[in-house]
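Here's the structure, in structure tokens; my notes come after.
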Amino acid sequence: MKRYDRLKEIQGLDPERDFLRIYRLSVTLEFPWDVTRALELALYRTYAVPAIGRLLARTAELTDRSQKRYDDTALLLDTVVEHGFDSESGRTAIRRINAMHRAYDIGDDDMRYVLCTFVVVPKRWLDAYGWRRLSAHERQAYAAYYRTLGAHLGIPDPPRTYEEFEETLDAYERDHFGWDEGARQVSDATLDLMASWYPAPLAPLVRGASLALLDEALLEAFRYRRPGVLARGLTRGALRLRARAVRLLPPRSAPHYARQNPEIKGYPDGYEVAALGTFPTPGVRGCPVPHRRTSEGGATG
């Protein structure tokens with residue numbers, strides 16, 4: 001197989017009908033490292049919405065148990081990628097995600113925004129740092145994949161096209177990005193977690209490189225000092241140099257899933273999908289936020 005043969009395979013598929021196959025080919029064979037980094041950044045962006053960052057700070061999941069939260073989020077999302085929406089494992093992962101979301105009073109608009117980050121941020125990352133840009137077929141398949149995931153998560157009116165995902169994300173960030181002390185704590189804990197994956201002497205360098213990848217809106221929302229021109233140039237230049245090197249390599253012959261990532265550290269002996277994540281009891285255990293009550297006494301949100 002030659003370097004661009006898989007892209008030809010993707011372009012021979014129907015992005016609306018074959019979206020799962022296209023998405024799987026793209027994220028596990030064409031861009032596994034890049035999409036992992038992009039999805040990390042996607043989730044990180046959501047902290048800059050005060051309602052989201054504040055909630056995450058109050059649960060303490062990302063400040064006190066950062067590694068476990070990272071592992072569980074990556075594994076639950078990737079279970080659906082690997083096994084599909086209709087598989088037993090995929091359905092179990094979606095049930096777990098829904099159960100956790102129901103324990104908190106999360107607005108539909110916030111949920112829709114988070115969904116948008118999973119589509120838009122990887123596309124923008126690959127356009128900037130991938131060994132090739134994301135194709136139109138892939139953009140359409142990414143949108144179809146996350147539109148389907150949104151439906152399984154009960155998110156009303158998810159965007160349909162990539163362009164709608166992008167417009168929704170940009171508008172929401174313009175209206176909602178802002179400062180929150182709890183969100184800054186979550187951001188700091190996430191940067192510390194990423195630095196912890198490398199030898200201790202490299203931690204300041206990793207943190208600096210992470211900040212150099214943030215755009216002005218994120219830096220302003222978290223009130224970080226703007227990285228210098230040299231730091232930004234070196235960090236982004238190194239990623240582009242990596243892309244050129246990857247372009248010269250032979251295509252990957254076996255898919256790479258999130259469970260194989262070295263950053264997943266909490267399950268050396270394996271895991272059960274049904275045991276991933278948290279098990280909060282609304283208003284009692286692990287859920288510090290108030291909930292609206294339905295007439296039947298259940299919590300909504």
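By order of appearance in the structure tokens: chains A, B, ..., then residues from 1 within every chain, and ligands from 1 in the order shown.
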
* To do: Write out as a PyMOL selection string the residues lying within 6 Å of segment 224-237 of chain A, counting only C-alpha atoms and excluding same-chain residues fewer than 2 positions away.
  => chain A and resi 209+212+219+222+239-240

Enumerate as a CSV table (one decimal) with N, CA, C and O atoms, in the first residue's frame all residues of segment 69-221 of chain A assigned to alpha helix (DSSP H) by DSSP on the backbone, naming them with the chain letters and numbers the document uses.
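Written output follows (states_37.csv):
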chain,number,residue,atom,x,y,z
A,69,ARG,N,-9.9,10.3,35.1
A,69,ARG,CA,-10.8,11.0,34.3
A,69,ARG,C,-10.4,11.0,32.8
A,69,ARG,O,-11.2,10.7,31.9
A,70,TYR,N,-9.1,11.2,32.6
A,70,TYR,CA,-8.6,11.2,31.3
A,70,TYR,C,-8.7,9.8,30.7
A,70,TYR,O,-9.2,9.6,29.5
A,71,ASP,N,-8.3,8.8,31.4
A,71,ASP,CA,-8.4,7.4,30.9
A,71,ASP,C,-9.8,7.0,30.6
A,71,ASP,O,-10.1,6.5,29.5
A,72,ASP,N,-10.7,7.3,31.5
A,72,ASP,CA,-12.1,6.8,31.3
A,72,ASP,C,-12.8,7.5,30.2
A,72,ASP,O,-13.5,6.9,29.4
A,73,THR,N,-12.5,8.8,30.0
A,73,THR,CA,-13.1,9.5,28.9
A,73,THR,C,-12.6,9.0,27.6
A,73,THR,O,-13.4,8.7,26.7
A,74,ALA,N,-11.3,8.8,27.5
A,74,ALA,CA,-10.7,8.3,26.2
A,74,ALA,C,-11.2,6.9,25.9
A,74,ALA,O,-11.6,6.6,24.7
A,75,LEU,N,-11.3,6.1,26.9
A,75,LEU,CA,-11.7,4.7,26.7
A,75,LEU,C,-13.2,4.6,26.3
A,75,LEU,O,-13.6,3.8,25.4
A,76,LEU,N,-14.0,5.3,27.0
A,76,LEU,CA,-15.4,5.3,26.7
A,76,LEU,C,-15.7,5.7,25.3
A,76,LEU,O,-16.5,5.1,24.5
A,77,LEU,N,-15.2,6.9,24.9
A,77,LEU,CA,-15.4,7.4,23.5
A,77,LEU,C,-14.8,6.4,22.5
A,77,LEU,O,-15.4,6.2,21.4
A,78,ASP,N,-13.6,5.9,22.8
A,78,ASP,CA,-13.0,5.0,21.8
A,78,ASP,C,-13.6,3.7,21.7
A,78,ASP,O,-13.5,3.0,20.6
A,79,THR,N,-14.3,3.2,22.7
A,79,THR,CA,-15.0,1.9,22.6
A,79,THR,C,-16.1,2.0,21.5
A,79,THR,O,-16.3,1.0,20.7
A,80,VAL,N,-16.7,3.1,21.3
A,80,VAL,CA,-17.7,3.3,20.3
A,80,VAL,C,-17.0,3.3,18.9
A,80,VAL,O,-17.5,2.6,18.0
A,81,VAL,N,-15.9,3.9,18.8
A,81,VAL,CA,-15.1,3.9,17.6
A,81,VAL,C,-14.7,2.5,17.2
A,81,VAL,O,-14.9,2.1,16.0
A,82,GLU,N,-14.2,1.8,18.1
A,82,GLU,CA,-13.7,0.4,17.8
A,82,GLU,C,-14.8,-0.6,17.5
A,82,GLU,O,-14.7,-1.4,16.6
A,83,HIS,N,-15.9,-0.5,18.3
A,83,HIS,CA,-16.9,-1.6,18.2
A,83,HIS,C,-18.2,-1.2,17.5
A,83,HIS,O,-19.0,-2.0,17.1
A,88,GLU,N,-22.5,-4.5,21.6
A,88,GLU,CA,-22.8,-4.6,23.0
A,88,GLU,C,-21.8,-3.6,23.8
A,88,GLU,O,-22.3,-2.9,24.7
A,89,SER,N,-20.5,-3.6,23.4
A,89,SER,CA,-19.6,-2.7,24.1
A,89,SER,C,-19.9,-1.3,23.8
A,89,SER,O,-19.8,-0.4,24.7
A,90,GLY,N,-20.3,-1.0,22.5
A,90,GLY,CA,-20.6,0.4,22.2
A,90,GLY,C,-21.8,0.9,22.9
A,90,GLY,O,-21.9,2.0,23.4
A,91,ARG,N,-22.9,0.1,23.0
A,91,ARG,CA,-24.1,0.5,23.8
A,91,ARG,C,-23.8,0.6,25.3
A,91,ARG,O,-24.3,1.5,25.9
A,92,THR,N,-22.9,-0.2,25.8
A,92,THR,CA,-22.5,-0.1,27.2
A,92,THR,C,-21.8,1.2,27.5
A,92,THR,O,-22.1,1.9,28.4
A,93,ALA,N,-20.9,1.6,26.6
A,93,ALA,CA,-20.2,2.8,26.7
A,93,ALA,C,-21.1,4.0,26.7
A,93,ALA,O,-21.0,5.0,27.5
A,94,ILE,N,-22.0,4.0,25.7
A,94,ILE,CA,-23.0,5.1,25.6
A,94,ILE,C,-23.9,5.2,26.9
A,94,ILE,O,-24.2,6.3,27.4
A,95,ARG,N,-24.3,4.1,27.4
A,95,ARG,CA,-25.1,4.1,28.6
A,95,ARG,C,-24.3,4.7,29.8
A,95,ARG,O,-24.8,5.4,30.6
A,96,ARG,N,-23.0,4.4,29.9
A,96,ARG,CA,-22.2,4.9,30.9
A,96,ARG,C,-22.1,6.4,30.8
A,96,ARG,O,-22.2,7.2,31.8
A,97,ILE,N,-21.8,6.9,29.6
A,97,ILE,CA,-21.7,8.3,29.3
A,97,ILE,C,-23.0,9.0,29.7
A,97,ILE,O,-23.0,10.1,30.4
A,98,ASN,N,-24.1,8.5,29.3
A,98,ASN,CA,-25.4,9.1,29.6
A,98,ASN,C,-25.7,9.1,31.1
A,98,ASN,O,-26.3,10.0,31.6
A,99,ALA,N,-25.4,8.0,31.7
A,99,ALA,CA,-25.6,7.9,33.2
A,99,ALA,C,-24.9,9.0,33.9
A,99,ALA,O,-25.4,9.7,34.9
A,100,MET,N,-23.6,9.3,33.5
A,100,MET,CA,-22.8,10.3,34.2
A,100,MET,C,-23.4,11.7,33.9
A,100,MET,O,-23.5,12.5,34.7
A,101,HIS,N,-23.8,11.9,32.6
A,101,HIS,CA,-24.3,13.2,32.3
A,101,HIS,C,-25.6,13.5,33.0
A,101,HIS,O,-25.9,14.6,33.4
A,102,ARG,N,-26.5,12.5,33.2
A,102,ARG,CA,-27.8,12.7,33.8
A,102,ARG,C,-27.6,13.1,35.3
A,102,ARG,O,-28.5,13.6,35.9
A,108,ASP,N,-28.5,21.7,27.4
A,108,ASP,CA,-28.4,21.2,26.0
A,108,ASP,C,-27.4,22.0,25.2
A,108,ASP,O,-26.7,21.4,24.4
A,109,ASP,N,-27.3,23.3,25.3
A,109,ASP,CA,-26.4,24.1,24.6
A,109,ASP,C,-25.0,23.7,24.9
A,109,ASP,O,-24.1,23.7,24.0
A,110,ASP,N,-24.7,23.5,26.2
A,110,ASP,CA,-23.3,23.1,26.5
A,110,ASP,C,-22.9,21.7,25.9
A,110,ASP,O,-21.8,21.5,25.4
A,111,MET,N,-23.9,20.8,26.0
A,111,MET,CA,-23.6,19.5,25.4
A,111,MET,C,-23.4,19.6,23.9
A,111,MET,O,-22.5,18.9,23.4
A,112,ARG,N,-24.2,20.4,23.3
A,112,ARG,CA,-24.1,20.5,21.8
A,112,ARG,C,-22.7,21.1,21.5
A,112,ARG,O,-22.0,20.7,20.5
A,113,TYR,N,-22.3,22.1,22.3
A,113,TYR,CA,-20.9,22.7,22.1
A,113,TYR,C,-19.8,21.7,22.2
A,113,TYR,O,-18.9,21.6,21.4
A,114,VAL,N,-19.9,20.9,23.3
A,114,VAL,CA,-18.8,19.9,23.5
A,114,VAL,C,-18.8,18.9,22.3
A,114,VAL,O,-17.7,18.6,21.8
A,115,LEU,N,-20.0,18.5,21.8
A,115,LEU,CA,-20.0,17.7,20.6
A,115,LEU,C,-19.3,18.4,19.4
A,115,LEU,O,-18.6,17.7,18.6
A,116,CYS,N,-19.5,19.6,19.3
A,116,CYS,CA,-18.9,20.4,18.2
A,116,CYS,C,-17.4,20.4,18.2
A,116,CYS,O,-16.7,20.3,17.2
A,117,THR,N,-16.9,20.4,19.4
A,117,THR,CA,-15.4,20.4,19.6
A,117,THR,C,-14.8,19.2,19.0
A,117,THR,O,-13.7,19.2,18.5
A,118,PHE,N,-15.5,18.0,19.1
A,118,PHE,CA,-15.0,16.8,18.6
A,118,PHE,C,-14.9,16.7,17.1
A,118,PHE,O,-14.1,15.9,16.6
A,119,VAL,N,-15.6,17.5,16.4
A,119,VAL,CA,-15.6,17.6,15.0
A,119,VAL,C,-14.7,18.6,14.5
A,119,VAL,O,-13.8,18.4,13.6
A,120,VAL,N,-14.7,19.8,15.1
A,120,VAL,CA,-14.0,21.0,14.5
A,120,VAL,C,-12.6,21.0,14.9
A,120,VAL,O,-11.7,21.3,14.1
A,121,VAL,N,-12.2,20.7,16.2
A,121,VAL,CA,-10.9,20.8,16.6
A,121,VAL,C,-10.0,19.8,15.9
A,121,VAL,O,-8.9,20.2,15.5
A,122,PRO,N,-10.3,18.6,15.7
A,122,PRO,CA,-9.5,17.7,15.0
A,122,PRO,C,-9.2,18.1,13.5
A,122,PRO,O,-8.1,18.0,13.0
A,123,LYS,N,-10.3,18.6,12.9
A,123,LYS,CA,-10.1,19.1,11.5
A,123,LYS,C,-9.1,20.3,11.5
A,123,LYS,O,-8.2,20.3,10.6
A,124,ARG,N,-9.2,21.2,12.4
A,124,ARG,CA,-8.3,22.4,12.4
A,124,ARG,C,-6.9,21.9,12.8
A,124,ARG,O,-5.9,22.5,12.2
A,125,TRP,N,-6.8,21.0,13.7
A,125,TRP,CA,-5.4,20.5,14.1
A,125,TRP,C,-4.8,19.8,12.8
A,125,TRP,O,-3.6,20.1,12.5
A,126,LEU,N,-5.5,19.0,12.2
A,126,LEU,CA,-4.9,18.2,11.0
A,126,LEU,C,-4.6,19.2,9.9
A,126,LEU,O,-3.6,19.0,9.2
A,127,ASP,N,-5.4,20.2,9.7
A,127,ASP,CA,-5.1,21.2,8.7
A,127,ASP,C,-3.8,21.9,9.0
A,127,ASP,O,-3.0,22.3,8.1
A,128,ALA,N,-3.5,22.1,10.3
A,128,ALA,CA,-2.3,22.8,10.7
A,128,ALA,C,-1.1,21.9,10.9
A,128,ALA,O,0.0,22.3,10.5
A,129,TYR,N,-1.3,20.7,11.4
A,129,TYR,CA,-0.2,19.9,11.9
A,129,TYR,C,-0.2,18.4,11.3
A,129,TYR,O,0.7,17.6,11.7
A,136,ALA,N,-12.6,16.3,2.2
A,136,ALA,CA,-14.0,16.7,2.3
A,136,ALA,C,-14.8,15.5,2.6
A,136,ALA,O,-15.8,15.6,3.4
A,137,HIS,N,-14.5,14.3,2.1
A,137,HIS,CA,-15.2,13.0,2.5
A,137,HIS,C,-15.1,12.8,4.0
A,137,HIS,O,-16.0,12.4,4.7
A,138,GLU,N,-13.9,13.0,4.6
A,138,GLU,CA,-13.6,12.8,6.0
A,138,GLU,C,-14.4,13.8,6.8
A,138,GLU,O,-15.0,13.5,7.8
A,139,ARG,N,-14.4,15.1,6.4
A,139,ARG,CA,-15.1,16.1,7.1
A,139,ARG,C,-16.6,15.7,7.2
A,139,ARG,O,-17.3,15.8,8.3
A,140,GLN,N,-17.2,15.3,6.1
A,140,GLN,CA,-18.6,14.9,6.1
A,140,GLN,C,-18.8,13.7,7.0
A,140,GLN,O,-19.8,13.6,7.7
A,141,ALA,N,-17.9,12.7,6.9
A,141,ALA,CA,-18.1,11.5,7.8
A,141,ALA,C,-17.9,11.8,9.2
A,141,ALA,O,-18.6,11.3,10.1
A,142,TYR,N,-17.0,12.7,9.6
A,142,TYR,CA,-16.8,13.1,11.0
A,142,TYR,C,-18.1,13.8,11.5
A,142,TYR,O,-18.6,13.5,12.6
A,143,ALA,N,-18.7,14.6,10.7
A,143,ALA,CA,-20.0,15.3,11.1
A,143,ALA,C,-21.1,14.2,11.2
A,143,ALA,O,-21.8,14.3,12.2
A,144,ALA,N,-21.1,13.2,10.3
A,144,ALA,CA,-22.2,12.2,10.4
A,144,ALA,C,-21.9,11.3,11.7
A,144,ALA,O,-22.9,10.9,12.4
A,145,TYR,N,-20.7,11.0,12.0
A,145,TYR,CA,-20.4,10.2,13.1
A,145,TYR,C,-20.8,10.9,14.4
A,145,TYR,O,-21.5,10.3,15.3
A,146,TYR,N,-20.5,12.2,14.6
A,146,TYR,CA,-20.8,12.8,15.8
A,146,TYR,C,-22.2,13.3,15.9
A,146,TYR,O,-22.8,13.4,17.0
A,147,ARG,N,-22.9,13.5,14.7
A,147,ARG,CA,-24.3,13.7,14.7
A,147,ARG,C,-25.0,12.4,15.3
A,147,ARG,O,-26.0,12.5,16.0
A,148,THR,N,-24.5,11.3,14.9
A,148,THR,CA,-25.1,10.0,15.4
A,148,THR,C,-24.8,9.8,16.8
A,148,THR,O,-25.7,9.4,17.6
A,149,LEU,N,-23.6,10.1,17.3
A,149,LEU,CA,-23.3,10.0,18.7
A,149,LEU,C,-24.2,11.0,19.5
A,149,LEU,O,-24.7,10.6,20.6
A,150,GLY,N,-24.3,12.2,19.0
A,150,GLY,CA,-25.2,13.2,19.7
A,150,GLY,C,-26.6,12.7,19.8
A,150,GLY,O,-27.2,12.9,20.9
A,151,ALA,N,-27.1,12.0,18.8
A,151,ALA,CA,-28.5,11.4,18.9
A,151,ALA,C,-28.5,10.3,20.0
A,151,ALA,O,-29.5,10.3,20.8
A,152,HIS,N,-27.5,9.5,20.1
A,152,HIS,CA,-27.4,8.5,21.2
A,152,HIS,C,-27.3,9.1,22.5
A,152,HIS,O,-27.7,8.5,23.5
A,162,TYR,N,-20.4,19.6,8.5
A,162,TYR,CA,-19.3,20.1,9.1
A,162,TYR,C,-19.4,21.6,9.3
A,162,TYR,O,-19.0,22.2,10.3
A,163,GLU,N,-19.8,22.3,8.3
A,163,GLU,CA,-19.9,23.8,8.3
A,163,GLU,C,-20.8,24.2,9.5
A,163,GLU,O,-20.5,25.2,10.2
A,164,GLU,N,-21.9,23.5,9.7
A,164,GLU,CA,-22.8,23.8,10.8
A,164,GLU,C,-22.1,23.6,12.2
A,164,GLU,O,-22.3,24.4,13.1
A,165,PHE,N,-21.4,22.5,12.3
A,165,PHE,CA,-20.6,22.2,13.5
A,165,PHE,C,-19.7,23.4,13.8
A,165,PHE,O,-19.5,23.9,14.9
A,166,GLU,N,-19.0,23.8,12.7
A,166,GLU,CA,-18.0,24.9,12.9
A,166,GLU,C,-18.6,26.2,13.3
A,166,GLU,O,-18.2,26.9,14.2
A,167,GLU,N,-19.7,26.6,12.6
A,167,GLU,CA,-20.4,27.8,12.9
A,167,GLU,C,-21.0,27.8,14.3
A,167,GLU,O,-20.9,28.8,15.0
A,168,THR,N,-21.5,26.7,14.8
A,168,THR,CA,-22.0,26.5,16.1
A,168,THR,C,-20.9,26.7,17.1
A,168,THR,O,-21.1,27.4,18.1
A,169,LEU,N,-19.8,26.1,16.9
A,169,LEU,CA,-18.7,26.2,17.8
A,169,LEU,C,-18.2,27.6,17.9
A,169,LEU,O,-18.0,28.1,19.1
A,170,ASP,N,-17.9,28.2,16.8
A,170,ASP,CA,-17.4,29.6,16.8
A,170,ASP,C,-18.3,30.6,17.5
A,170,ASP,O,-17.9,31.4,18.3
A,171,ALA,N,-19.6,30.5,17.2
A,171,ALA,CA,-20.6,31.4,17.8
A,171,ALA,C,-20.6,31.1,19.3
A,171,ALA,O,-20.7,32.1,20.1
A,172,TYR,N,-20.6,29.9,19.7
A,172,TYR,CA,-20.7,29.6,21.2
A,172,TYR,C,-19.5,30.1,21.9
A,172,TYR,O,-19.7,30.6,23.0
A,173,GLU,N,-18.4,29.9,21.4
A,173,GLU,CA,-17.2,30.4,22.0
A,173,GLU,C,-17.1,31.9,22.1
A,173,GLU,O,-16.7,32.5,23.2
A,174,ARG,N,-17.6,32.6,21.1
A,174,ARG,CA,-17.6,34.1,21.1
A,174,ARG,C,-18.5,34.5,22.3
A,174,ARG,O,-18.2,35.5,23.0
A,175,ASP,N,-19.6,33.8,22.5
A,175,ASP,CA,-20.6,34.3,23.4
A,175,ASP,C,-20.3,33.8,24.9
A,175,ASP,O,-20.8,34.4,25.8
A,176,HIS,N,-19.6,32.7,25.0
A,176,HIS,CA,-19.5,32.1,26.3
A,176,HIS,C,-18.1,32.0,26.9
A,176,HIS,O,-18.0,31.7,28.1
A,181,GLU,N,-12.5,31.0,38.2
A,181,GLU,CA,-11.4,30.5,39.0
A,181,GLU,C,-11.4,29.0,39.0
A,181,GLU,O,-10.3,28.4,38.9
A,182,GLY,N,-12.5,28.4,39.1
A,182,GLY,CA,-12.6,26.9,39.1
A,182,GLY,C,-12.1,26.3,37.8
A,182,GLY,O,-11.4,25.3,37.7
A,183,ALA,N,-12.5,27.0,36.7
A,183,ALA,CA,-12.1,26.5,35.4
A,183,ALA,C,-10.6,26.6,35.2
A,183,ALA,O,-9.9,25.7,34.6
A,184,ARG,N,-10.0,27.7,35.8
A,184,ARG,CA,-8.5,27.8,35.7
A,184,ARG,C,-7.9,26.7,36.5
A,184,ARG,O,-6.8,26.2,36.1
A,185,GLN,N,-8.4,26.3,37.6
A,185,GLN,CA,-7.9,25.2,38.4
A,185,GLN,C,-7.9,23.9,37.6
A,185,GLN,O,-7.0,23.1,37.6
A,186,VAL,N,-9.0,23.7,36.9
A,186,VAL,CA,-9.1,22.5,36.0
A,186,VAL,C,-8.1,22.5,34.9
A,186,VAL,O,-7.4,21.5,34.5
A,187,SER,N,-7.9,23.7,34.3
A,187,SER,CA,-6.9,23.9,33.2
A,187,SER,C,-5.5,23.6,33.8
A,187,SER,O,-4.8,22.9,33.1
A,188,ASP,N,-5.2,24.2,34.9
A,188,ASP,CA,-3.9,23.9,35.5
A,188,ASP,C,-3.6,22.4,35.8
A,188,ASP,O,-2.6,21.9,35.5
A,189,ALA,N,-4.7,21.8,36.3
A,189,ALA,CA,-4.5,20.3,36.6
A,189,ALA,C,-4.3,19.5,35.3
A,189,ALA,O,-3.6,18.5,35.3
A,190,THR,N,-5.0,19.9,34.3
A,190,THR,CA,-4.9,19.2,33.0
A,190,THR,C,-3.5,19.4,32.4
A,190,THR,O,-2.8,18.4,31.9
A,191,LEU,N,-2.9,20.6,32.5
A,191,LEU,CA,-1.6,20.9,32.0
A,191,LEU,C,-0.6,20.1,32.8
A,191,LEU,O,0.4,19.5,32.3
A,192,ASP,N,-0.8,20.0,34.2
A,192,ASP,CA,0.1,19.2,35.0
A,192,ASP,C,0.0,17.7,34.7
A,192,ASP,O,1.0,17.0,34.7
A,193,LEU,N,-1.2,17.2,34.4
A,193,LEU,CA,-1.3,15.8,34.0
A,193,LEU,C,-0.5,15.5,32.7
A,193,LEU,O,0.2,14.6,32.7
A,194,MET,N,-0.6,16.4,31.7
A,194,MET,CA,0.1,16.2,30.5
A,194,MET,C,1.6,16.2,30.7
A,194,MET,O,2.4,15.4,30.1
A,195,ALA,N,2.0,17.1,31.6
A,195,ALA,CA,3.5,17.2,31.9
A,195,ALA,C,3.9,15.9,32.6
A,195,ALA,O,5.1,15.5,32.5
A,196,SER,N,3.0,15.3,33.4
A,196,SER,CA,3.4,14.1,34.2
A,196,SER,C,3.7,12.9,33.3
A,196,SER,O,4.3,11.9,33.8
A,203,ALA,N,9.1,18.5,32.4
A,203,ALA,CA,7.7,19.0,32.7
A,203,ALA,C,7.6,20.5,32.4
A,203,ALA,O,6.6,20.9,31.7
A,204,PRO,N,8.5,21.4,32.7
A,204,PRO,CA,8.3,22.8,32.4
A,204,PRO,C,8.3,23.0,30.8
A,204,PRO,O,7.5,23.9,30.3
A,205,LEU,N,9.0,22.2,30.1
A,205,LEU,CA,9.1,22.3,28.7
A,205,LEU,C,7.7,21.9,28.1
A,205,LEU,O,7.2,22.6,27.2
A,206,VAL,N,7.2,20.8,28.6
A,206,VAL,CA,5.9,20.3,28.1
A,206,VAL,C,4.8,21.3,28.4
A,206,VAL,O,3.9,21.6,27.5
A,207,ARG,N,4.8,21.9,29.6
A,207,ARG,CA,3.8,22.8,29.9
A,207,ARG,C,3.9,24.1,29.0
A,207,ARG,O,2.9,24.6,28.5
A,208,GLY,N,5.1,24.5,28.8
A,208,GLY,CA,5.3,25.7,27.9
A,208,GLY,C,4.9,25.4,26.5
A,208,GLY,O,4.3,26.3,25.9
A,209,ALA,N,5.2,24.2,26.0
A,209,ALA,CA,4.7,23.8,24.7
A,209,ALA,C,3.2,23.7,24.6
A,209,ALA,O,2.6,24.1,23.6
A,210,SER,N,2.6,23.2,25.6
A,210,SER,CA,1.1,23.2,25.6
A,210,SER,C,0.5,24.6,25.6
A,210,SER,O,-0.4,24.8,24.8
A,211,LEU,N,1.0,25.5,26.3
A,211,LEU,CA,0.5,26.8,26.3
A,211,LEU,C,0.8,27.5,25.0
A,211,LEU,O,0.0,28.3,24.5
A,212,ALA,N,1.9,27.1,24.3
A,212,ALA,CA,2.2,27.7,23.0
A,212,ALA,C,1.2,27.3,21.9
A,212,ALA,O,1.2,28.0,20.9
A,216,GLU,N,-5.5,32.7,21.2
A,216,GLU,CA,-5.7,33.9,22.0
A,216,GLU,C,-6.9,33.9,22.9
A,216,GLU,O,-6.9,34.3,24.0
A,217,ALA,N,-8.0,33.3,22.3
A,217,ALA,CA,-9.3,33.2,23.1
A,217,ALA,C,-9.1,32.4,24.4
A,217,ALA,O,-9.6,32.7,25.4
A,218,LEU,N,-8.4,31.2,24.2
A,218,LEU,CA,-8.2,30.4,25.4
A,218,LEU,C,-7.2,31.0,26.4
A,218,LEU,O,-7.5,31.0,27.6
A,219,LEU,N,-6.1,31.6,25.9
A,219,LEU,CA,-5.2,32.3,26.8
A,219,LEU,C,-5.9,33.4,27.6
A,219,LEU,O,-5.7,33.6,28.8
A,220,GLU,N,-6.8,34.1,26.9
A,220,GLU,CA,-7.5,35.2,27.6
A,220,GLU,C,-8.5,34.7,28.6
A,220,GLU,O,-8.6,35.2,29.7
A,221,ALA,N,-9.2,33.6,28.3
A,221,ALA,CA,-10.2,33.1,29.2
A,221,ALA,C,-9.6,32.5,30.5
A,221,ALA,O,-10.1,32.7,31.5

* To do: For Arg54 of chain A, list every protein, DNA or RNA residue within 8 Å, evaluated using only C-alpha atoms, and leave out those in the same chain fewer than 2 positions away; present the list as a ChimeraX atom specification.
  => /A:47,50-52,56-58,180-183

* Record the distance separating atom CA of Pro268 of chain A and atom CA of Leu202 of chain A, expressed in Å with one decimal. =>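 A separation of 24.2 Å between them.
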
* **For atom CA of Tyr271 of chain A and atom CA of Arg259 of chain A, the interatomic separation in Å (one decimal)** => 9.8 Å

* Asked: In Å, how far is it from atom CA of Met1 of chain A to atom CA of Leu249 of chain A?
  ->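 Pair atom CA of Met1 of chain A / atom CA of Leu249 of chain A returns 11.5 Å.
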
* Residue contacts of Ser253 of chain A (12 Å, only C-alpha atoms) excluding same-chain residues fewer than 4 positions away, as a count of residues only -> 10
